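Enquirer: I have a structure here, written as structure tokens, and I will follow up with some questions on it.
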Amino acid sequence: MKKGQKHQYGEKNFSLWLVGAAVMHVVVFFLAFYFQIWDAGRHSKPKTVTITLVSLPGSGASRENSDSGAAAEAISTPSQAVAPPPAPLPVSKKSVKAPVPAPAPVLVPEKASVLPKKISVDPLKPKTIEKKPDISQALERLKQNVDKKTAQSPQPSSNALNNALARLQQKVKSEGGATGTGTGKGSGQGASSAGQNGAGKGSGGGGTADSYKAQIASIINQNWSFSKQLLKKSFGMEVYVRINILADGTIRQILFDKRSPSEYLNISVKKALEKSSPLPVLPKEEGSRDVWIGFVFTPEGIE
Amino acid sequence: MLDLRLGIFGMLSDAGVVVLLVLSLLLLFSIISWAIIAFKFGYLRKSLRESKAFLDYFFEVSNVDKVFTESENFRYGSLPRVFRSGYIEYRALGDKGDIRQARARIARAVKREVNAENKRLAALVPFLATVGNTAPFIGLFGTVWGIMNSFHTIGLTQSASLAAVAPGISEALIATAAGLAAAIPAVIAYNSFTQKISVIERDLEEFAPEFVAAFINEP
């Protein structure tokens with residue numbers, strides 16, 4: 001009887017230790033989890049501001065916005081026109097008098113040649129809104145610099161400037177409203193002419209661009225070898241991608257605006273796009289320029 | 001927002017069923033191992049300490065009745081337990097007419113308690129040896145399985161880029177890491193406990209005849 005009691009006591013004691021060990025493991029797991037978060041936070045890179053200075057050459061989504069009057073207004077306020085396209089930053093419209101951003105680089109040719117290079121690094125990050133105060137300051141500084149330069153520039157060069165502005169106006173007309181936010185004729189999913197920051201979701205466009213986009217979407221879909229069964233999870237499986245198409249249909253650049261958690265899906269999309277190049281020649285309406293077209297790839301297909 | 005998918009837990013969430021099963025088994029092994037380690041560590045330490053204290057008292061005092069009374073204070077010591085069982089048998093004999101028979105009965109009772117004590121000391125310890133020996137192999141199995149699946153996926157995606165290969169292999173290697181994490185403490189504890197248990201067993205073997213002699217020679 002006494003031995004039985006002792007044995008029971010020993011078992012109870014061991015059960016306590018078992019529970020203690022389980023708790024210890026849980027604690028270790030939580031510590032590891034929080035260490036991971038802490039460590040990731042320690043090594044996180046600071047967010048950059050330059051990503052907001054995007055001015056990709058967009059296609060003519062809403063040509064009504066790119067009237068000469070608007071362009072002229074942009075010329076009179078050149079520094080403001082350098083502001084990023086208002087699509088991701090609707091609030092900044094208040095400070096920007098002219099909605100057409102393209103003319104600015106002409107007045108500041110050195111900077112204009114630099115800006116597109118920065119764009120190609122990572123043009124579409126949703127963090128831009130957080131950094132808006134810095135951007136406005138930068139714009140103010142830029143405006144002051146441009147005003148100084150225009151004030152200091154000698155009169156004889158005004159002809160050259162006028163010529164440059166005329167060329168720019170022409171270019172803006174041909175490109176259409178790069179900031180096309182849906183005020184154009186076409187509405188709906190005309191994402192083919194997304195414009196600068198459209199990320200494939202910009203409205204406007206319509207007409208030939210839509211048919212061209214449908215055509216290349218069909219081609220990409222044919223070249224896309226992807227099996228839904230290989231995905232372990234289906235949540236968040238979306239790839240936002242933009243492609244830069246030259247006039248001859250060659251895909252010059254592929255930009256992933258948003259990658260999916262599955263590398264398999266990402267790689268399959270990239271391979272499909274690479275395989276689809278060259279695409280059909282751009283419609284004549286687009287001229288000899290290159291265009292950016294955005295797609296959303298999901299396991300269900302291309303949107 | 002921090003990208004937690006890059007960490008261990010992100011890898012675990014992407015791991016396959018077999019790898020998760022292996023990891024669960026290893027987690028269970030680890031929990032039981034640590035419980036045994038904690039339980040046995042305290043038990044053996046008390047047993048060693050009380051046995052030593054009891055032996056000191058036993059050689060100081062020649063009266064077995066006093067020693068028995070004192071032995072009640074050493075509840076966890078192996079030597080006090082053996083002594084108590086011998087003393088109970090000695091008292092059960094009543095008259096000491098046949099010394100040879102009495103010696104045999106006491107020796108038998110002591111031996112039985114020594115055996116019981118050996119079993120008690122060694123209980124659960126072999127599980128540590130099992131974990132120490134098998135956990136790395138179980139982890140290795142999970143790794144091999146994970147890498148097998150990883151290569152299969154590589155074949156299906158037709159891409160051998162590092163981005164396609166590395167995640168699967170890193171997921172698979174977690175199983176080996178978990179196996180080693182379970183095995184290493186188990187092996188260390190097993191070696192330590194085996195050494196302590198052998199010390200106690202040696203004491204039991206050496207002092208059990210002393211106890212029998214003490215009862216028989218009792219005036």
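Here's how to read the names in the structure tokens: chain A, B, ... by the order shown, residue numbers from 1 in each chain, ligand numbers from 1 in the order shown.
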Please identify every residue of chain B that has at least one atom no more than 7 Å from any atom of chain A, counting only C-alpha atoms, and report them as a tab-separated table (two decimals) with N, CA and C atoms, in the first residue's frame.
Expert:
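In the end it all went to result.tsv:
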chain	number	residue	atom	x	y	z
B	2	LEU	N	6.94	43.53	-41.52
B	2	LEU	CA	8.04	42.58	-41.54
B	2	LEU	C	7.62	41.36	-42.32
B	7	GLY	N	11.37	33.65	-42.06
B	7	GLY	CA	11.88	33.01	-40.86
B	7	GLY	C	11.55	31.54	-40.77
B	31	ILE	N	9.91	16.95	-25.76
B	31	ILE	CA	9.16	17.27	-24.53
B	31	ILE	C	9.34	16.15	-23.50
B	32	ILE	N	9.17	14.91	-23.95
B	32	ILE	CA	9.30	13.78	-23.01
B	32	ILE	C	10.74	13.70	-22.49
B	34	TRP	N	12.92	16.08	-22.09
B	34	TRP	CA	13.21	17.13	-21.11
B	34	TRP	C	12.51	16.85	-19.78
B	35	ALA	N	11.30	16.27	-19.86
B	35	ALA	CA	10.60	15.91	-18.63
B	35	ALA	C	11.39	14.84	-17.87
B	38	ALA	N	14.56	16.40	-16.34
B	38	ALA	CA	14.29	17.18	-15.12
B	38	ALA	C	13.93	16.27	-13.95
B	39	PHE	N	13.08	15.28	-14.25
B	39	PHE	CA	12.63	14.38	-13.19
B	39	PHE	C	13.80	13.55	-12.62
B	157	THR	N	8.52	22.65	-62.28
B	157	THR	CA	8.60	24.06	-62.66
B	157	THR	C	9.63	24.30	-63.75
B	163	ALA	N	16.29	30.58	-56.41
B	163	ALA	CA	15.02	30.96	-55.79
B	163	ALA	C	14.05	29.80	-55.76
B	164	ALA	N	14.16	28.91	-56.73
B	164	ALA	CA	13.24	27.77	-56.76
B	164	ALA	C	13.75	26.60	-55.92
Enquirer: Can you pull out the residues contacting segment 142-152 of chain B? Cut-off 8 Å, using only C-alpha atoms, and skip same-chain residues under 4 positions away; I want them as a list in words.
Expert: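 Once the adjacent positions are removed, what remains is Ala15, Gly16, Val18, Val19, Val22, Leu23, Ile138, Leu156, Val165, Gly168, Ile169, Glu171, Ala172, Leu173, Ile174, Ala175 and Thr176 of chain B.
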Enquirer: Glu210 of chain B: which residues within 12 Å, counting only C-alpha atoms, same-chain residues fewer than 2 positions away excluded, as a list in words?
Expert: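 Residues near the query, excluding close chain neighbours: Leu55, Phe58, Phe59, Ser62, Val64, Leu79, Val82, Phe83, Gly86, Arg103, Ile106, Ala107, Val110, Asp203, Leu204, Glu205, Glu206, Phe207, Ala208, Val212, Ala213, Ala214, Phe215, Ile216 and Asn217 of chain B.
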Enquirer: How about saving the chosen residues, N, CA and C atoms kept, as a short mmCIF file (atom, residue, chain, number, x, y, z; two decimals), in the first residue's frame?
Expert:
data_model
loop_
_atom_site.label_atom_id
_atom_site.label_comp_id
_atom_site.auth_asym_id
_atom_site.auth_seq_id
_atom_site.Cartn_x
_atom_site.Cartn_y
_atom_site.Cartn_z
N LEU B 55 24.94 6.66 4.92
CA LEU B 55 26.13 5.83 5.17
C LEU B 55 26.97 6.41 6.30
N PHE B 58 25.23 5.54 9.40
CA PHE B 58 25.25 4.10 9.64
C PHE B 58 26.58 3.67 10.29
N PHE B 59 27.68 4.24 9.82
CA PHE B 59 28.97 3.85 10.38
C PHE B 59 29.26 4.55 11.70
N SER B 62 26.09 2.24 15.95
CA SER B 62 26.11 0.79 15.81
C SER B 62 24.74 0.17 16.04
N VAL B 64 21.12 -0.76 15.24
CA VAL B 64 20.32 -0.77 14.03
C VAL B 64 18.96 -0.10 14.23
N LEU B 79 20.17 3.58 -0.52
CA LEU B 79 20.73 2.79 0.58
C LEU B 79 19.80 2.77 1.80
N VAL B 82 17.08 0.21 1.11
CA VAL B 82 17.54 -1.20 1.21
C VAL B 82 17.69 -1.58 2.69
N PHE B 83 18.24 -0.65 3.44
CA PHE B 83 18.42 -0.93 4.87
C PHE B 83 17.07 -1.16 5.54
N GLY B 86 15.67 -4.60 4.84
CA GLY B 86 16.38 -5.62 5.62
C GLY B 86 15.97 -5.60 7.08
N ARG B 103 19.96 -15.18 8.38
CA ARG B 103 20.86 -14.47 7.46
C ARG B 103 20.39 -14.61 6.02
N ILE B 106 17.21 -12.49 5.47
CA ILE B 106 17.50 -11.04 5.41
C ILE B 106 18.24 -10.69 4.11
N ALA B 107 19.19 -11.58 3.76
CA ALA B 107 19.95 -11.34 2.53
C ALA B 107 19.02 -11.36 1.32
N VAL B 110 17.06 -8.09 1.29
CA VAL B 110 17.93 -6.98 0.87
C VAL B 110 18.17 -7.03 -0.63
N ASP B 203 27.39 1.21 -4.88
CA ASP B 203 27.20 1.36 -3.43
C ASP B 203 26.27 0.29 -2.89
N LEU B 204 25.18 0.07 -3.63
CA LEU B 204 24.20 -0.94 -3.18
C LEU B 204 24.84 -2.32 -3.11
N GLU B 205 25.62 -2.67 -4.15
CA GLU B 205 26.25 -3.98 -4.18
C GLU B 205 27.26 -4.14 -3.03
N GLU B 206 27.94 -3.06 -2.73
CA GLU B 206 28.99 -3.15 -1.71
C GLU B 206 28.44 -3.14 -0.29
N PHE B 207 27.38 -2.35 -0.07
CA PHE B 207 26.93 -2.17 1.32
C PHE B 207 25.76 -3.06 1.71
N ALA B 208 25.16 -3.72 0.76
CA ALA B 208 24.07 -4.64 1.12
C ALA B 208 24.55 -5.74 2.07
N VAL B 212 23.32 -6.70 6.10
CA VAL B 212 22.93 -8.04 6.58
C VAL B 212 23.78 -8.41 7.81
N ALA B 213 25.05 -8.14 7.69
CA ALA B 213 25.95 -8.46 8.81
C ALA B 213 25.58 -7.65 10.05
N ALA B 214 25.18 -6.42 9.83
CA ALA B 214 24.82 -5.56 10.96
C ALA B 214 23.60 -6.12 11.70
N PHE B 215 22.64 -6.66 10.94
CA PHE B 215 21.44 -7.21 11.59
C PHE B 215 21.77 -8.50 12.35
N ILE B 216 22.60 -9.35 11.76
CA ILE B 216 22.90 -10.64 12.37
C ILE B 216 23.75 -10.47 13.62
N ASN B 217 24.68 -9.53 13.53
CA ASN B 217 25.58 -9.32 14.67
C ASN B 217 24.98 -8.45 15.75
#
Enquirer: Quick one, how far is atom CA of Ala138 of chain A from atom CA of Asn162 of chain A?
Expert: 25.9 Å
Enquirer: Rank B:Val187, B:Tyr90, B:Ser47, B:Lys40 by their smallest atom-to-atom distance to Leu124 of chain B, using only C-alpha atoms, and report the top residue only.
Expert: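 Among the listed residues, the smallest separation from Leu124 of chain B belongs to B:Lys40.
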Enquirer: Need to verify the contact set: Trp224 of chain A, 10 Å, only C-alpha atoms, exclusion of same-chain residues closer than 5 positions in sequence. Can you return it as a list in words?
Expert: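 Residues meeting the cut-off are Ser218, Ile219, Ser268, Val269, Lys270, Lys271, Ala272, Leu273, Glu274, Lys275, Ser276, Gly301 and Ile302 of chain A.
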Enquirer: Run DSSP on the backbone and grab whatever in segment 31-164 of chain B lands in alpha helix (DSSP H); send it over as a ChimeraX atom specification.
Expert: /B:31-60,64-71,78-92,99-122,125-157,162-164
Enquirer: Would you work out the distance separating atom CA of Val27 of chain A from atom CA of Lys12 of chain A, expressed in Å to one decimal?
Expert: 22.6 Å
Enquirer: Could you jot down the atom CA of Phe141 of chain B to atom CA of Leu31 of chain A separation for me, Å, one decimal place?
Expert: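 Calculated distance between atom CA of Phe141 of chain B and atom CA of Leu31 of chain A is 27.3 Å.
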Enquirer: Using only C-alpha atoms for the distances, tell me which of A:Ile245, A:Val146, A:Leu165, A:Val28 is nearest to Lys213 of chain A.
Expert: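 Closest residue, counting only C-alpha atoms: A:Ile245.
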Enquirer: Neighbours of segment 177-183 of chain B within 7 Å (only C-alpha atoms; same-chain residues fewer than 6 positions away dropped), as a PyMOL selection string?
Expert: chain B and resi 23+26+29-30+131-132+135-136+138-139
